[in-house]
$ cat run_6.cif   # mmCIF, C-alpha atoms
data_structure
loop_
_atom_site.group_PDB
_atom_site.id
_atom_site.type_symbol
_atom_site.label_atom_id
_atom_site.label_comp_id
_atom_site.auth_asym_id
_atom_site.auth_seq_id
_atom_site.Cartn_x
_atom_site.Cartn_y
_atom_site.Cartn_z
ATOM 1 C CA PRO L 10 -8.751 -15.775 -28.885
ATOM 2 C CA LYS L 11 -9.761 -12.913 -26.596
ATOM 3 C CA ALA L 12 -8.968 -9.461 -27.971
ATOM 4 C CA LYS L 13 -6.025 -7.757 -26.303
ATOM 5 C CA ARG L 14 -6.627 -4.506 -24.471
ATOM 6 C CA VAL L 15 -4.144 -1.627 -24.277
ATOM 7 C CA VAL L 16 -5.270 1.278 -22.082
ATOM 8 C CA THR L 17 -3.656 4.748 -22.114
ATOM 9 C CA VAL L 18 -3.856 6.803 -18.905
ATOM 10 C CA HIS L 19 -3.350 10.555 -19.260
ATOM 11 C CA ASP L 20 -3.687 11.570 -15.622
ATOM 12 C CA MET L 21 -5.088 10.596 -12.238
ATOM 13 C CA ILE L 22 -6.506 14.022 -11.418
ATOM 14 C CA PRO L 23 -10.071 12.876 -10.563
ATOM 15 C CA GLU L 24 -8.646 10.357 -8.090
ATOM 16 C CA ARG L 25 -6.021 12.680 -6.607
ATOM 17 C CA MET L 26 -8.278 15.742 -6.514
ATOM 18 C CA PRO L 27 -11.906 14.597 -5.986
ATOM 19 C CA GLU L 28 -13.114 18.209 -5.855
ATOM 20 C CA THR L 29 -12.341 18.539 -9.578
ATOM 21 C CA ARG L 30 -14.578 15.657 -10.628
ATOM 22 C CA ARG L 31 -17.307 16.262 -13.128
ATOM 23 C CA ARG L 32 -20.557 14.345 -13.029
ATOM 24 C CA LEU L 33 -19.416 12.170 -15.951
ATOM 25 C CA ASP L 34 -16.057 11.138 -14.450
ATOM 26 C CA LEU L 35 -16.759 7.405 -14.615
ATOM 27 C CA LEU L 36 -14.059 6.242 -12.238
ATOM 28 C CA THR L 37 -15.631 2.846 -11.733
ATOM 29 C CA LEU L 38 -15.264 2.196 -15.464
ATOM 30 C CA LYS L 39 -11.685 3.460 -15.376
ATOM 31 C CA ARG L 40 -10.826 0.942 -12.676
ATOM 32 C CA HIS L 41 -12.546 -1.781 -14.711
ATOM 33 C CA TYR L 42 -10.597 -0.892 -17.866
ATOM 34 C CA LEU L 43 -7.313 -0.933 -15.973
ATOM 35 C CA ARG L 44 -8.026 -4.277 -14.324
ATOM 36 C CA GLN L 45 -8.926 -5.783 -17.703
ATOM 37 C CA ALA L 46 -5.936 -4.305 -19.552
ATOM 38 C CA ASP L 47 -3.202 -6.471 -21.016
ATOM 39 C CA HIS L 48 -0.897 -3.454 -21.181
ATOM 40 C CA ILE L 49 -1.115 0.097 -19.803
ATOM 41 C CA ILE L 50 0.524 3.183 -21.291
ATOM 42 C CA CYS L 51 1.063 6.227 -19.040
ATOM 43 C CA VAL L 52 2.054 9.606 -20.471
ATOM 44 C CA SER L 53 4.552 10.301 -17.659
ATOM 45 C CA GLU L 54 6.371 8.617 -14.807
ATOM 46 C CA ALA L 55 4.366 10.810 -12.467
ATOM 47 C CA THR L 56 1.116 9.391 -13.850
ATOM 48 C CA ARG L 57 2.509 5.872 -13.569
ATOM 49 C CA HIS L 58 3.411 6.509 -9.925
ATOM 50 C CA ASP L 59 -0.064 7.832 -9.124
ATOM 51 C CA LEU L 60 -1.717 4.928 -10.923
ATOM 52 C CA LEU L 61 0.182 2.307 -8.954
ATOM 53 C CA GLU L 62 -0.389 4.125 -5.679
ATOM 54 C CA ILE L 63 -4.144 4.442 -6.176
ATOM 55 C CA TYR L 64 -4.847 1.145 -7.955
ATOM 56 C CA ASP L 65 -2.443 -1.201 -6.213
ATOM 57 C CA ASP L 66 -4.102 -4.273 -7.697
ATOM 58 C CA ILE L 67 -2.946 -3.564 -11.262
ATOM 59 C CA ARG L 68 -1.040 -6.501 -12.713
ATOM 60 C CA ALA L 69 -0.596 -5.499 -16.366
ATOM 61 C CA PRO L 70 2.818 -4.288 -17.566
ATOM 62 C CA ILE L 71 3.077 -0.483 -17.781
ATOM 63 C CA SER L 72 4.987 1.568 -20.348
ATOM 64 C CA VAL L 73 5.659 5.298 -20.072
ATOM 65 C CA VAL L 74 5.315 7.100 -23.406
ATOM 66 C CA HIS L 75 5.767 10.863 -23.244
ATOM 67 C CA HIS L 76 3.819 13.157 -25.529
ATOM 68 C CA GLY L 77 5.574 14.981 -28.339
ATOM 69 C CA VAL L 78 5.479 18.595 -29.462
ATOM 70 C CA ASP L 79 4.228 19.615 -32.888
ATOM 71 C CA PRO L 80 6.961 20.979 -35.218
ATOM 72 C CA ALA L 81 4.827 24.120 -35.611
ATOM 73 C CA PHE L 82 6.110 25.143 -32.169
ATOM 74 C CA ARG L 83 9.437 26.705 -33.068
ATOM 75 C CA PRO L 84 11.250 29.998 -32.517
ATOM 76 C CA GLY L 85 11.616 32.875 -34.946
ATOM 77 C CA LEU L 86 8.005 33.380 -36.011
ATOM 78 C CA PRO L 87 6.486 36.820 -36.693
ATOM 79 C CA ARG L 88 4.917 38.577 -33.750
ATOM 80 C CA VAL L 89 1.165 38.250 -33.157
ATOM 81 C CA GLU L 90 -0.504 41.570 -33.868
ATOM 82 C CA GLY L 91 -2.099 43.230 -30.874
ATOM 83 C CA LEU L 92 -0.104 41.518 -28.144
ATOM 84 C CA PRO L 93 1.958 43.596 -25.682
ATOM 85 C CA GLU L 94 5.554 44.400 -26.511
ATOM 86 C CA ARG L 95 6.904 42.627 -23.416
ATOM 87 C CA TYR L 96 4.874 40.027 -21.589
ATOM 88 C CA ILE L 97 4.895 37.028 -19.280
ATOM 89 C CA VAL L 98 2.522 34.398 -20.643
ATOM 90 C CA PHE L 99 0.182 31.879 -19.027
ATOM 91 C CA VAL L 100 -1.680 29.507 -21.369
ATOM 92 C CA GLY L 101 -4.945 27.630 -20.800
ATOM 93 C CA ASN L 102 -7.551 27.265 -18.085
ATOM 94 C CA ARG L 103 -6.869 29.278 -14.959
ATOM 95 C CA GLY L 104 -9.119 27.866 -12.243
ATOM 96 C CA ASN L 105 -8.689 25.404 -9.408
ATOM 97 C CA TYR L 106 -5.349 23.544 -9.410
ATOM 98 C CA LYS L 107 -4.091 25.527 -12.440
ATOM 99 C CA ASP L 108 -3.180 28.231 -9.880
ATOM 100 C CA ALA L 109 -3.387 31.315 -12.095
ATOM 101 C CA ASN L 110 -4.184 33.268 -8.921
ATOM 102 C CA VAL L 111 -0.746 32.309 -7.566
ATOM 103 C CA LEU L 112 0.833 33.868 -10.661
ATOM 104 C CA MET L 113 -1.256 37.022 -10.222
ATOM 105 C CA ARG L 114 -0.045 37.397 -6.651
ATOM 106 C CA ALA L 115 3.548 36.779 -7.695
ATOM 107 C CA PHE L 116 3.335 39.315 -10.521
ATOM 108 C CA ALA L 117 1.973 41.915 -8.109
ATOM 109 C CA GLN L 118 5.185 41.580 -6.084
ATOM 110 C CA ILE L 119 7.488 42.287 -9.052
ATOM 111 C CA LYS L 120 5.426 44.656 -11.207
ATOM 112 C CA ASP L 121 7.098 47.829 -9.933
ATOM 113 C CA ASP L 122 10.569 46.529 -10.799
ATOM 114 C CA PHE L 123 9.461 45.629 -14.337
ATOM 115 C CA PRO L 124 7.047 48.431 -15.290
ATOM 116 C CA ASP L 125 7.067 47.638 -19.013
ATOM 117 C CA HIS L 126 5.913 44.011 -18.614
ATOM 118 C CA THR L 127 2.341 42.770 -18.997
ATOM 119 C CA LEU L 128 0.964 39.549 -17.551
ATOM 120 C CA LEU L 129 -0.807 37.927 -20.505
ATOM 121 C CA PHE L 130 -3.335 35.104 -20.151
ATOM 122 C CA VAL L 131 -4.031 33.230 -23.380
ATOM 123 C CA GLY L 132 -7.227 31.185 -23.571
ATOM 124 C CA GLY L 133 -9.322 30.132 -20.612
ATOM 125 C CA GLY L 134 -12.109 32.629 -21.307
ATOM 126 C CA ALA L 135 -12.573 36.181 -20.100
ATOM 127 C CA PHE L 136 -11.625 37.055 -16.550
ATOM 128 C CA THR L 137 -14.257 36.091 -14.007
ATOM 129 C CA ARG L 138 -15.654 38.616 -11.569
ATOM 130 C CA ARG L 139 -13.524 37.096 -8.812
ATOM 131 C CA GLU L 140 -10.384 37.343 -10.953
ATOM 132 C CA SER L 141 -11.134 40.979 -11.763
ATOM 133 C CA GLU L 142 -11.668 41.705 -8.077
ATOM 134 C CA THR L 143 -8.367 39.997 -7.255
ATOM 135 C CA ALA L 144 -6.581 42.069 -9.896
ATOM 136 C CA THR L 145 -8.065 45.248 -8.424
ATOM 137 C CA GLN L 146 -7.014 44.286 -4.903
ATOM 138 C CA LEU L 147 -3.482 43.503 -6.139
ATOM 139 C CA ARG L 148 -3.393 46.762 -8.150
ATOM 140 C CA ILE L 149 -2.510 44.983 -11.370
ATOM 141 C CA SER L 150 -5.717 45.585 -13.350
ATOM 142 C CA ASP L 151 -3.865 47.813 -15.800
ATOM 143 C CA ARG L 152 -1.022 45.312 -16.169
ATOM 144 C CA ILE L 153 -2.901 42.107 -17.029
ATOM 145 C CA GLN L 154 -4.630 41.085 -20.234
ATOM 146 C CA GLN L 155 -6.641 38.093 -21.467
ATOM 147 C CA VAL L 156 -6.828 37.092 -25.129
ATOM 148 C CA SER L 157 -8.157 34.161 -27.096
ATOM 149 C CA LEU L 158 -6.028 33.102 -30.055
ATOM 150 C CA PRO L 159 -6.415 30.528 -32.823
ATOM 151 C CA ASP L 160 -4.189 27.470 -32.603
ATOM 152 C CA GLN L 161 -1.993 28.656 -35.467
ATOM 153 C CA ALA L 162 -1.065 31.810 -33.528
ATOM 154 C CA MET L 163 0.079 29.964 -30.409
ATOM 155 C CA PRO L 164 3.712 29.261 -31.446
ATOM 156 C CA ALA L 165 4.320 32.973 -32.020
ATOM 157 C CA ALA L 166 2.472 33.902 -28.818
ATOM 158 C CA TYR L 167 4.798 31.617 -26.873
ATOM 159 C CA GLY L 168 7.870 32.634 -28.842
ATOM 160 C CA HIS L 169 7.661 36.371 -28.183
ATOM 161 C CA ALA L 170 6.987 36.035 -24.450
ATOM 162 C CA GLU L 171 9.763 36.923 -22.037
ATOM 163 C CA ILE L 172 8.815 33.940 -19.856
ATOM 164 C CA CYS L 173 6.111 31.280 -19.844
ATOM 165 C CA VAL L 174 4.840 30.395 -16.374
ATOM 166 C CA PHE L 175 2.986 27.140 -15.783
ATOM 167 C CA PRO L 176 2.075 27.107 -12.080
ATOM 168 C CA SER L 177 -0.312 24.122 -12.156
ATOM 169 C CA ARG L 178 -0.217 21.938 -9.050
ATOM 170 C CA PHE L 179 -1.167 18.808 -10.986
ATOM 171 C CA GLU L 180 -0.527 17.733 -14.566
ATOM 172 C CA GLY L 181 -0.567 14.327 -16.191
ATOM 173 C CA PHE L 182 2.031 15.643 -18.627
ATOM 174 C CA GLY L 183 2.054 19.434 -19.055
ATOM 175 C CA LEU L 184 2.132 20.199 -22.771
ATOM 176 C CA PRO L 185 2.260 24.028 -22.459
ATOM 177 C CA ALA L 186 5.645 23.749 -20.742
ATOM 178 C CA LEU L 187 6.996 21.716 -23.648
ATOM 179 C CA GLU L 188 5.443 24.001 -26.277
ATOM 180 C CA ALA L 189 6.983 27.076 -24.652
ATOM 181 C CA MET L 190 10.470 25.573 -24.563
ATOM 182 C CA ALA L 191 10.176 24.441 -28.183
ATOM 183 C CA CYS L 192 9.446 28.067 -29.115
ATOM 184 C CA GLY L 193 12.584 29.262 -27.341
ATOM 185 C CA THR L 194 10.781 30.747 -24.334
ATOM 186 C CA PRO L 195 12.212 30.347 -20.825
ATOM 187 C CA ALA L 196 9.828 28.337 -18.659
ATOM 188 C CA ILE L 197 9.154 28.662 -14.936
ATOM 189 C CA LEU L 198 7.186 25.675 -13.680
ATOM 190 C CA ALA L 199 5.654 24.457 -10.460
ATOM 191 C CA ASP L 200 7.851 21.805 -8.890
ATOM 192 C CA ALA L 201 4.988 19.322 -8.908
ATOM 193 C CA THR L 202 3.837 16.057 -10.490
ATOM 194 C CA SER L 203 5.013 15.659 -14.100
ATOM 195 C CA LEU L 204 6.350 19.165 -14.766
ATOM 196 C CA PRO L 205 9.976 18.558 -13.662
ATOM 197 C CA GLU L 206 9.870 15.419 -15.819
ATOM 198 C CA VAL L 207 9.053 17.583 -18.833
ATOM 199 C CA GLY L 208 11.212 20.621 -18.097
ATOM 200 C CA GLY L 209 14.271 18.762 -16.824
ATOM 201 C CA ASP L 210 17.276 21.026 -16.279
ATOM 202 C CA ALA L 211 16.085 23.467 -18.939
ATOM 203 C CA ALA L 212 13.354 25.085 -16.800
ATOM 204 C CA ARG L 213 13.331 26.863 -13.465
ATOM 205 C CA TYR L 214 10.997 25.787 -10.674
ATOM 206 C CA PHE L 215 9.131 27.171 -7.688
ATOM 207 C CA ALA L 216 7.289 25.483 -4.839
ATOM 208 C CA ALA L 217 3.751 24.840 -6.062
ATOM 209 C CA GLY L 218 1.253 27.293 -4.590
ATOM 210 C CA ASP L 219 3.952 29.612 -3.204
ATOM 211 C CA ALA L 220 3.449 33.069 -4.736
ATOM 212 C CA GLN L 221 6.452 34.554 -2.936
ATOM 213 C CA ASN L 222 8.748 31.807 -4.206
ATOM 214 C CA LEU L 223 7.401 32.305 -7.742
ATOM 215 C CA ALA L 224 7.939 36.063 -7.456
ATOM 216 C CA ARG L 225 11.596 35.486 -6.576
ATOM 217 C CA GLN L 226 12.029 33.153 -9.554
ATOM 218 C CA LEU L 227 10.388 35.657 -11.881
ATOM 219 C CA HIS L 228 12.496 38.526 -10.566
ATOM 220 C CA ASP L 229 15.738 36.558 -10.703
ATOM 221 C CA THR L 230 15.041 35.266 -14.198
ATOM 222 C CA LEU L 231 14.015 38.626 -15.691
ATOM 223 C CA SER L 232 17.089 40.229 -14.112
ATOM 224 C CA ASP L 233 19.485 37.701 -15.623
ATOM 225 C CA ARG L 234 19.683 38.143 -19.398
ATOM 226 C CA PRO L 235 22.601 35.697 -19.864
ATOM 227 C CA GLY L 236 20.687 33.159 -17.795
ATOM 228 C CA MET L 237 17.590 33.650 -19.943
ATOM 229 C CA ASP L 238 19.659 33.170 -23.100
ATOM 230 C CA HIS L 239 20.918 29.888 -21.662
ATOM 231 C CA MET L 240 17.347 28.825 -20.841
ATOM 232 C CA VAL L 241 16.322 29.557 -24.430
ATOM 233 C CA GLU L 242 19.006 27.230 -25.816
ATOM 234 C CA ALA L 243 18.484 24.570 -23.159
ATOM 235 C CA GLY L 244 14.716 24.640 -23.637
ATOM 236 C CA ILE L 245 14.920 24.159 -27.402
ATOM 237 C CA ALA L 246 17.320 21.253 -26.913
ATOM 238 C CA ARG L 247 15.112 19.715 -24.237
ATOM 239 C CA ALA L 248 11.946 20.016 -26.321
ATOM 240 C CA SER L 249 13.661 18.381 -29.308
ATOM 241 C CA GLU L 250 13.756 15.133 -27.304
ATOM 242 C CA PHE L 251 9.937 14.987 -27.251
ATOM 243 C CA THR L 252 8.733 14.127 -30.759
ATOM 244 C CA TRP L 253 5.469 12.580 -31.898
ATOM 245 C CA ASN L 254 7.507 10.232 -34.092
ATOM 246 C CA ARG L 255 9.207 8.826 -30.999
ATOM 247 C CA ALA L 256 5.883 8.649 -29.167
ATOM 248 C CA ALA L 257 4.334 6.745 -32.076
ATOM 249 C CA LYS L 258 7.228 4.260 -32.212
ATOM 250 C CA GLU L 259 7.084 3.626 -28.462
ATOM 251 C CA THR L 260 3.302 3.220 -28.575
ATOM 252 C CA ALA L 261 3.566 0.779 -31.468
ATOM 253 C CA SER L 262 6.221 -1.153 -29.553
ATOM 254 C CA ALA L 263 3.860 -1.525 -26.577
ATOM 255 C CA TYR L 264 1.110 -2.798 -28.878
ATOM 256 C CA ARG L 265 3.461 -5.245 -30.603
ATOM 257 C CA ALA L 266 4.684 -6.580 -27.256
ATOM 258 C CA THR L 267 1.093 -7.096 -26.142
ATOM 259 C CA LEU L 268 0.049 -8.857 -29.353
ATOM 260 C CA SER L 269 3.059 -11.174 -29.171
ATOM 261 C CA LEU L 270 1.642 -12.613 -25.948
ATOM 262 C CA GLN L 271 -1.188 -14.307 -27.849
#
$ encode --input "run_6.cif" --output "structure tokens"
Amino acid sequence: PKAKRVVTVHDMIPERMPETRRRLDLLTLKRHYLRQADHIICVSEATRHDLLEIYDDIRAPISVVHHGVDPAFRPGLPRVEGLPERYIVFVGNRGNYKDANVLMRAFAQIKDDFPDHTLLFVGGGAFTRRESETATQLRISDRIQQVSLPDQAMPAAYGHAEICVFPSRFEGFGLPALEAMACGTPAILADATSLPEVGGDAARYFAAGDAQNLARQLHDTLSDRPGMDHMVEAGIARASEFTWNRAAKETASAYRATLSLQ
């Protein structure tokens, strides 16, 4: 009998945002794989929605299986040496739809009210010339920092942040949001694509791309210590629902259902 095919789709970014495509984004092969699939797994409802909207000829059953968060991401870990005492953290690549520039502009609006806070970018490489120029124009050059950390330091880097901001306009899932909440860090997320699906009621949201709206959320959150304490508890509880054990069981179930069709 013909071998069964199960295809996992992590995002539809190249289709939704053609300007992000790399030369090796083989979209014609992606369409072929999806048309030939006996079952499709999407990592979020948002990805499933995009898939069906873009490839409306898909006939295979689709399961949504959310990612999990590694148990290493937990609160209470020792502080990472060399990081600022109080900081707002952004993790990962900063360019294009990741909207790090939106966070810079938002931080510039609140920096005077929170003079002891640093805006910390983890990963993503050193600041580009354009980013440095933007920081100078916004007068935040002395208040922002970029560091690269090993994977094992990330839980503590999240855990000692005042807030984690994930302003990305498009995510197939959005793992940094989940990792931050698992570490007991309040999360402010763009109200876009899969991020509300991950953060649920535990996170706060701003209109994607709106620096003024993000500034208000940052200001309101940092000014509300009881509210932040609630976000810590709610975030840990929310993140506990996303385990790799559950993801593995749901993935295996999709494979078993597909094989039973033989």
$ resolve_selection --input "run_6.cif" --expression "the PyMOL selection byres ((chain L and resi 95-98) around 7)" --output "PyMOL selection string"
chain L and resi 93-94+99-100+125-130+170-174
$ closest_residue --input "run_6.cif" --among "L:Val241, L:Val207, L:Val16, L:Ala165" --to "L:Pro185" --atoms "all atoms listed in the file"
L:Val207
$ resolve_selection --input "run_6.cif" --expression "the PyMOL selection byres ((chain L and resi 216) around 12)" --output "VMD selection string"
chain L and resid 108 111 175 to 178 197 to 202 204 to 205 213 to 215 217 to 226
$ residues_around --input "run_6.cif" --residues "stretch 248-257 of chain L" --least-positions-apart "6" --cutoff "8 Å" --atoms "only C-alpha atoms" --output "PyMOL selection string"
chain L and resi 74-79+187-188+190-191
$ resolve_selection --input "run_6.cif" --expression "the PyMOL selection byres ((chain L and resi 141-156) around 8)" --output "list in words"
Met113, Arg114, Ala117, Lys120, His126, Thr127, Leu128, Leu129, Phe130, Val131, Gly132, Gly134, Ala135, Phe136, Thr137, Arg138, Arg139, Glu140, Ser157 and Leu158 of chain L
$ residues_around --input "run_6.cif" --residues "L:Ser262" --least-positions-apart "6" --cutoff "12 Å" --atoms "all atoms listed in the file" --output "PDB file with C-alpha atoms, keeping the file's coordinate frame"
ATOM      1  CA  VAL L  15      -4.144  -1.627 -24.277  1.00  0.00           C
ATOM      2  CA  HIS L  48      -0.897  -3.454 -21.181  1.00  0.00           C
ATOM      3  CA  ILE L  50       0.524   3.183 -21.291  1.00  0.00           C
ATOM      4  CA  SER L  72       4.987   1.568 -20.348  1.00  0.00           C
ATOM      5  CA  VAL L  73       5.659   5.298 -20.072  1.00  0.00           C
ATOM      6  CA  VAL L  74       5.315   7.100 -23.406  1.00  0.00           C
ATOM      7  CA  ARG L 255       9.207   8.826 -30.999  1.00  0.00           C
ATOM      8  CA  ALA L 256       5.883   8.649 -29.167  1.00  0.00           C
ATOM      9  CA  LEU L 268       0.049  -8.857 -29.353  1.00  0.00           C
ATOM     10  CA  SER L 269       3.059 -11.174 -29.171  1.00  0.00           C
TER      11      SER L 269
END
$ atom_distance --input "run_6.cif" --atom1 "atom CA of L:Glu24" --atom2 "atom CA of L:Glu62"
10.6 Å
$ closest_residue --input "run_6.cif" --among "L:Pro23, L:Pro195, L:Pro235, L:Gly168" --to "L:Ile63" --atoms "only C-alpha atoms"
L:Pro23
$ atom_distance --input "run_6.cif" --atom1 "atom CA of L:Asn105" --atom2 "atom CA of L:Thr29"
7.8 Å
$ atom_distance --input "run_6.cif" --atom1 "atom CA of L:Val89" --atom2 "atom CA of L:Ala166"
6.3 Å
$ closest_residue --input "run_6.cif" --among "L:Gln161, L:Glu180, L:Leu231, L:Met237" --to "L:Arg83" --atoms "only C-alpha atoms"
L:Gln161
$ closest_residue --input "run_6.cif" --among "L:Leu86, L:Ala263, L:Ile119, L:Ile22" --to "L:Asp47" --atoms "only C-alpha atoms"
L:Ala263
$ closest_residue --input "run_6.cif" --among "L:Leu227, L:Asp160, L:Thr267, L:Met21" --to "L:Leu61" --atoms "all atoms listed in the file"
L:Met21
$ closest_residue --input "run_6.cif" --among "L:Cys51, L:Ala266, L:Ala189, L:Leu60" --to "L:Ala212" --atoms "all atoms listed in the file"
L:Ala189
$ axis_aligned_box --input "run_6.cif" --around "stretch 133-140 of chain L" --padding-each-side "8 Å" --output "AutoDock Vina command-line options"
--center_x -12.5 --center_y 34.4 --center_z -15.1 --size_x 22.3 --size_y 24.5 --size_z 28.5
